[in-house]
>>> print(open('final06.cif').read())   # mmCIF, C-alpha atoms
data_start
#
loop_
_atom_site.label_atom_id
_atom_site.label_comp_id
_atom_site.auth_asym_id
_atom_site.auth_seq_id
_atom_site.Cartn_x
_atom_site.Cartn_y
_atom_site.Cartn_z
CA MET A 1 4.90 -0.67 -3.33
CA ALA A 2 1.85 -2.90 -3.43
CA ALA A 3 2.24 -6.52 -2.41
CA ALA A 4 2.63 -8.98 -5.30
CA ILE A 5 -0.22 -11.36 -6.08
CA LYS A 6 0.71 -15.02 -5.74
CA GLN A 7 -0.82 -18.10 -7.35
CA LEU A 8 -2.24 -20.93 -5.27
CA ALA A 9 -3.87 -24.17 -6.39
CA ALA A 10 -6.76 -25.70 -4.47
CA THR A 11 -9.41 -28.37 -4.93
CA VAL A 12 -13.06 -28.37 -3.97
CA ARG A 13 -13.53 -30.10 -0.63
CA ASP A 14 -16.54 -32.35 -0.18
CA GLY A 15 -18.09 -32.42 3.24
CA THR A 16 -17.53 -30.28 6.32
CA GLY A 17 -16.95 -30.97 9.99
CA LYS A 18 -14.14 -32.60 11.95
CA GLY A 19 -14.43 -36.00 10.29
CA ALA A 20 -14.15 -34.57 6.78
CA ALA A 21 -11.23 -32.34 7.85
CA ARG A 22 -9.33 -35.30 9.31
CA SER A 23 -9.84 -37.21 6.07
CA VAL A 24 -8.33 -34.31 4.09
CA ARG A 25 -5.30 -34.17 6.37
CA ARG A 26 -4.69 -37.91 5.98
CA GLU A 27 -4.31 -37.24 2.25
CA GLY A 28 -1.49 -34.77 2.93
CA ARG A 29 -3.69 -31.73 2.39
CA VAL A 30 -5.02 -28.89 4.55
CA PRO A 31 -8.71 -27.99 4.75
CA GLY A 32 -9.74 -24.39 4.20
CA VAL A 33 -12.59 -22.11 3.24
CA ILE A 34 -13.04 -19.04 1.03
CA TYR A 35 -15.82 -16.74 2.24
CA GLY A 36 -17.18 -13.20 1.88
CA GLY A 37 -17.72 -10.94 -1.09
CA GLY A 38 -21.43 -11.67 -1.21
CA ASP A 39 -20.93 -15.27 -2.39
CA ALA A 40 -21.49 -18.53 -0.54
CA PRO A 41 -18.53 -20.01 1.37
CA GLN A 42 -16.44 -22.46 -0.65
CA ALA A 43 -14.82 -25.40 1.16
CA ILE A 44 -11.38 -26.17 -0.29
CA SER A 45 -8.27 -28.20 0.38
CA LEU A 46 -4.66 -27.20 -0.28
CA ASP A 47 -1.36 -29.02 -0.62
CA TYR A 48 0.25 -29.24 2.82
CA LYS A 49 3.87 -28.62 1.71
CA SER A 50 3.01 -25.58 -0.38
CA LEU A 51 0.86 -24.02 2.34
CA ASN A 52 3.38 -24.74 5.08
CA THR A 53 6.13 -23.02 3.05
CA LEU A 54 3.96 -19.96 2.44
CA ILE A 55 3.01 -19.58 6.10
CA TYR A 56 6.56 -19.82 7.40
CA ALA A 57 7.98 -17.57 4.66
CA GLY A 58 6.37 -14.62 6.47
CA HIS A 59 3.77 -11.96 5.54
CA PHE A 60 1.22 -14.69 4.87
CA LEU A 61 -1.71 -12.68 6.25
CA THR A 62 -0.93 -9.68 4.03
CA THR A 63 -0.40 -11.63 0.81
CA ILE A 64 -3.04 -11.62 -1.93
CA PHE A 65 -3.62 -14.92 -3.70
CA ASP A 66 -5.30 -15.89 -6.95
CA ILE A 67 -6.63 -19.29 -5.87
CA ASP A 68 -7.41 -21.69 -8.70
CA VAL A 69 -10.26 -23.88 -7.43
CA GLY A 70 -10.98 -26.47 -10.11
CA GLY A 71 -10.47 -23.96 -12.93
CA LYS A 72 -12.28 -21.05 -11.25
CA VAL A 73 -9.92 -18.35 -9.92
CA GLU A 74 -10.84 -16.60 -6.68
CA ARG A 75 -8.82 -13.58 -5.55
CA ALA A 76 -8.52 -13.73 -1.77
CA ILE A 77 -6.39 -12.89 1.25
CA PRO A 78 -5.77 -15.16 4.28
CA ARG A 79 -7.62 -13.94 7.36
CA ASP A 80 -6.72 -16.69 9.81
CA TYR A 81 -5.01 -20.05 10.09
CA GLN A 82 -4.69 -22.68 12.78
CA LEU A 83 -1.54 -24.61 13.68
CA ASP A 84 -1.28 -27.90 15.55
CA VAL A 85 -0.44 -27.08 19.19
CA VAL A 86 2.28 -29.74 19.27
CA SER A 87 3.79 -29.94 15.77
CA ASP A 88 3.01 -26.37 14.56
CA LYS A 89 1.75 -27.84 11.28
CA PRO A 90 -1.06 -25.93 9.52
CA MET A 91 -4.44 -27.46 10.29
CA HIS A 92 -6.90 -25.06 8.64
CA VAL A 93 -6.89 -21.75 6.78
CA ASP A 94 -9.57 -19.12 6.10
CA PHE A 95 -9.49 -16.85 3.04
CA LEU A 96 -11.52 -13.68 2.46
CA ARG A 97 -12.68 -12.98 -1.10
CA LEU A 98 -11.55 -9.67 -2.55
CA LYS A 99 -13.94 -7.86 -4.84
CA ALA A 100 -12.92 -4.92 -7.05
CA GLY A 101 -13.15 -1.62 -5.16
CA SER A 102 -13.33 -3.20 -1.71
CA THR A 103 -11.15 -2.28 1.25
CA LEU A 104 -10.01 -4.23 4.29
CA ARG A 105 -8.21 -3.81 7.59
CA VAL A 106 -4.63 -5.11 7.60
CA ASP A 107 -1.60 -4.80 9.88
CA ILE A 108 1.14 -3.29 7.70
CA PRO A 109 4.79 -3.81 8.80
CA VAL A 110 6.96 -0.76 9.55
CA HIS A 111 10.47 -0.73 8.04
CA PHE A 112 13.27 1.71 8.93
CA ILE A 113 16.04 2.88 6.60
CA ASN A 114 19.16 5.09 6.74
CA GLN A 115 20.22 4.22 10.29
CA ASP A 116 23.77 5.13 9.21
CA ALA A 117 22.61 8.67 8.38
CA CYS A 118 20.86 9.21 11.73
CA PRO A 119 22.85 11.65 13.95
CA GLY A 120 21.18 10.38 17.11
CA ILE A 121 22.25 6.80 16.44
CA LYS A 122 25.76 7.92 15.43
CA VAL A 123 26.36 9.43 18.90
CA GLY A 124 25.23 6.26 20.66
CA GLY A 125 21.45 6.64 20.69
CA THR A 126 19.10 3.69 20.18
CA LEU A 127 16.17 3.29 17.83
CA ASN A 128 13.21 2.58 20.11
CA ILE A 129 10.45 1.07 17.96
CA VAL A 130 7.03 1.73 19.50
CA HIS A 131 4.96 0.06 16.77
CA HIS A 132 6.30 -2.69 14.51
CA THR A 133 3.04 -2.68 12.53
CA VAL A 134 0.26 -0.19 11.85
CA GLU A 135 -3.35 -1.27 11.45
CA MET A 136 -4.68 0.36 8.29
CA ARG A 137 -7.67 0.31 5.98
CA VAL A 138 -6.28 -0.32 2.52
CA PRO A 139 -7.54 -1.04 -1.02
CA ALA A 140 -8.02 -4.78 -1.44
CA ASP A 141 -6.15 -4.76 -4.73
CA ALA A 142 -3.23 -2.58 -3.53
CA ILE A 143 -2.09 -3.75 -0.11
CA PRO A 144 1.30 -2.13 0.63
CA GLU A 145 4.17 -4.42 1.58
CA ALA A 146 5.35 -2.04 4.31
CA ILE A 147 5.52 1.54 5.56
CA THR A 148 9.07 2.86 5.11
CA ILE A 149 10.47 5.39 7.59
CA ASP A 150 13.62 7.38 6.81
CA LEU A 151 15.77 7.99 9.92
CA ALA A 152 18.19 10.39 8.19
CA GLY A 153 18.66 13.62 10.16
CA LEU A 154 16.95 12.50 13.38
CA GLY A 155 18.66 13.43 16.65
CA ILE A 156 18.52 12.29 20.27
CA ASN A 157 15.00 12.36 21.79
CA GLU A 158 13.34 13.02 18.43
CA SER A 159 10.22 10.99 17.52
CA ILE A 160 8.56 9.81 14.34
CA HIS A 161 4.76 10.19 14.25
CA ILE A 162 2.31 8.68 11.79
CA SER A 163 1.29 12.19 10.66
CA SER A 164 4.81 12.83 9.31
CA ILE A 165 4.82 9.72 7.09
CA LYS A 166 3.63 9.74 3.49
CA LEU A 167 1.27 6.80 3.26
CA PRO A 168 0.42 4.91 0.05
CA ASP A 169 -2.59 6.16 -1.90
CA GLY A 170 -5.91 5.02 -0.51
CA CYS A 171 -4.42 3.86 2.82
CA LYS A 172 -5.66 5.27 6.11
CA PRO A 173 -4.31 4.36 9.57
CA ILE A 174 -6.78 3.11 12.16
CA MET A 175 -5.51 5.01 15.20
CA ARG A 176 -6.45 4.57 18.84
CA GLU A 177 -4.49 7.70 19.75
CA LYS A 178 -4.40 11.21 18.23
CA ASP A 179 -1.03 10.98 16.48
CA MET A 180 0.56 7.57 16.89
CA THR A 181 4.26 7.56 17.76
CA LEU A 182 6.01 4.93 15.67
CA ALA A 183 9.56 5.26 17.03
CA THR A 184 11.92 7.48 19.01
CA ILE A 185 15.69 7.95 19.16
CA ALA A 186 16.50 7.16 22.79
CA PRO A 187 19.65 8.71 24.32
CA PRO A 188 22.59 6.53 25.39
CA THR A 189 22.87 5.63 29.08
CA THR A 190 25.80 8.02 29.71
CA TYR A 191 23.79 10.85 28.19
CA LYS A 192 20.92 10.16 30.59
CA GLU A 193 23.24 10.03 33.60
CA GLU A 194 24.93 13.31 32.71
CA ALA A 195 21.60 15.01 32.10
CA SER A 196 20.21 13.92 35.49
CA ALA A 197 23.45 14.78 37.31
CA ALA A 198 23.55 18.39 36.07
CA PRO A 199 20.47 19.67 38.02
CA ALA A 200 21.66 17.88 41.16
CA ALA A 201 25.07 19.53 40.91
CA ALA A 202 23.50 22.94 40.34
CA ALA A 203 21.28 22.55 43.38
CA ALA A 204 24.17 21.43 45.58
CA ALA A 205 26.39 24.43 44.73
CA PRO A 206 24.33 27.16 46.51
CA ALA A 207 23.87 24.93 49.54
CA ALA A 208 27.62 24.46 49.89
CA GLY A 209 28.16 28.24 49.58
CA ALA A 210 25.58 28.96 52.28
CA LYS A 211 27.37 26.69 54.76
CA ALA A 212 30.74 28.28 54.00
CA ALA A 213 29.50 31.87 54.52
CA PRO A 214 29.40 31.88 58.39
CA ALA A 215 32.87 30.34 58.56
CA ALA A 216 34.33 33.10 56.35
CA LYS A 217 32.68 35.82 58.53
CA LYS A 218 34.10 34.36 61.71
#
>>> encode(input="final06.cif", output="structure tokens")
Amino acid sequence: MAAAIKQLAATVRDGTGKGAARSVRREGRVPGVIYGGGDAPQAISLDYKSLNTLIYAGHFLTTIFDIDVGGKVERAIPRDYQLDVVSDKPMHVDFLRLKAGSTLRVDIPVHFINQDACPGIKVGGTLNIVHHTVEMRVPADAIPEAITIDLAGLGINESIHISSIKLPDGCKPIMREKDMTLATIAPPTTYKEEASAAPAAAAAAPAAGAKAAPAAKK
């Protein structure tokens, strides 16, 4: 499912630099900029309360916004934001314009379902998540909310690789390894101990028999 497009109101910001930014913040607003798409950067300011809520609601950097800047709507996605090092209040935000047909690189969250139908977890195994997000190149107008992985039927020591997942149309993973492992079903501790003890016991048995042989002959 593609991420929903949200509405955001902004005003044109006059002036740039630290002094102008401080003046905007004194008015209870947050300075920002919309750039890219072949157009000149547009300095803007946004309502502090609205922006703060959006940032802390989660998934801010993968949310598409229609930003109304003085009556002109710009479709954009946040690319970065700065927080105050002491108060964690938003201090500045950068938006990238999205043009029709364009693509961009985004970290897409990985979600897991059907844990209760996973045999490996039922016998005490643990879901070991290797990647919580996957960097992908996606259509600018159809950014997926998440990649969903079905755990039904997976047993102990089985893994889920990116190649086994059906990805949304037009989305391609940016991989730094041949076939990225997203998660594994790790065995329970007792299972590991029993598995490691078995070879040791098998190796000890012949040794014990060899020592007993001379005694039986005598």
>>> closest_residue(input="final06.cif", among="A:Ile55, A:Leu182, A:Ile34, A:Leu104", to="Ala142 in chain A", atoms="only C-alpha atoms")
A:Leu104
>>> resolve_selection(input="final06.cif", expression="the PyMOL selection byres ((chain A and resi 10) around 10)", output="list in words")
Leu8, Ala9, Thr11, Val12, Arg13, Arg29, Val30, Pro31, Gly32, Ala43, Ile44, Ser45, Leu46, Asp47, Ile67, Asp68, Val69, Gly70, Gly71, Lys72 and Val73 of chain A
>>> closest_residue(input="final06.cif", among="A:Arg97, A:Arg137, A:Arg25, A:Lys178", to="Ala76 in chain A", atoms="only C-alpha atoms")
A:Arg97
>>> residues_near_point(input="final06.cif", point="(-8.8, 1.7, -0.4)", cutoff="10 Å", atoms="all atoms listed in the file", output="list in words")
Gly101, Ser102, Thr103, Leu104, Arg105, Met136, Arg137, Val138, Pro139, Ala140, Asp141, Ala142, Ile143, Pro168, Asp169, Gly170, Cys171 and Lys172 of chain A
>>> closest_residue(input="final06.cif", among="A:Pro187, A:Pro144, A:Gly153, A:Gly37", to="Ala100 in chain A", atoms="all atoms listed in the file")
A:Gly37
>>> atom_distance(input="final06.cif", atom1="CA of Asp179 in chain A", atom2="CA of His131 in chain A")
12.5 Å
>>> resolve_selection(input="final06.cif", expression="the PyMOL selection byres ((chain A and resi 83) around 12)", output="ChimeraX atom specification")
/A:30-31,48,51-52,55-56,80-82,84-93
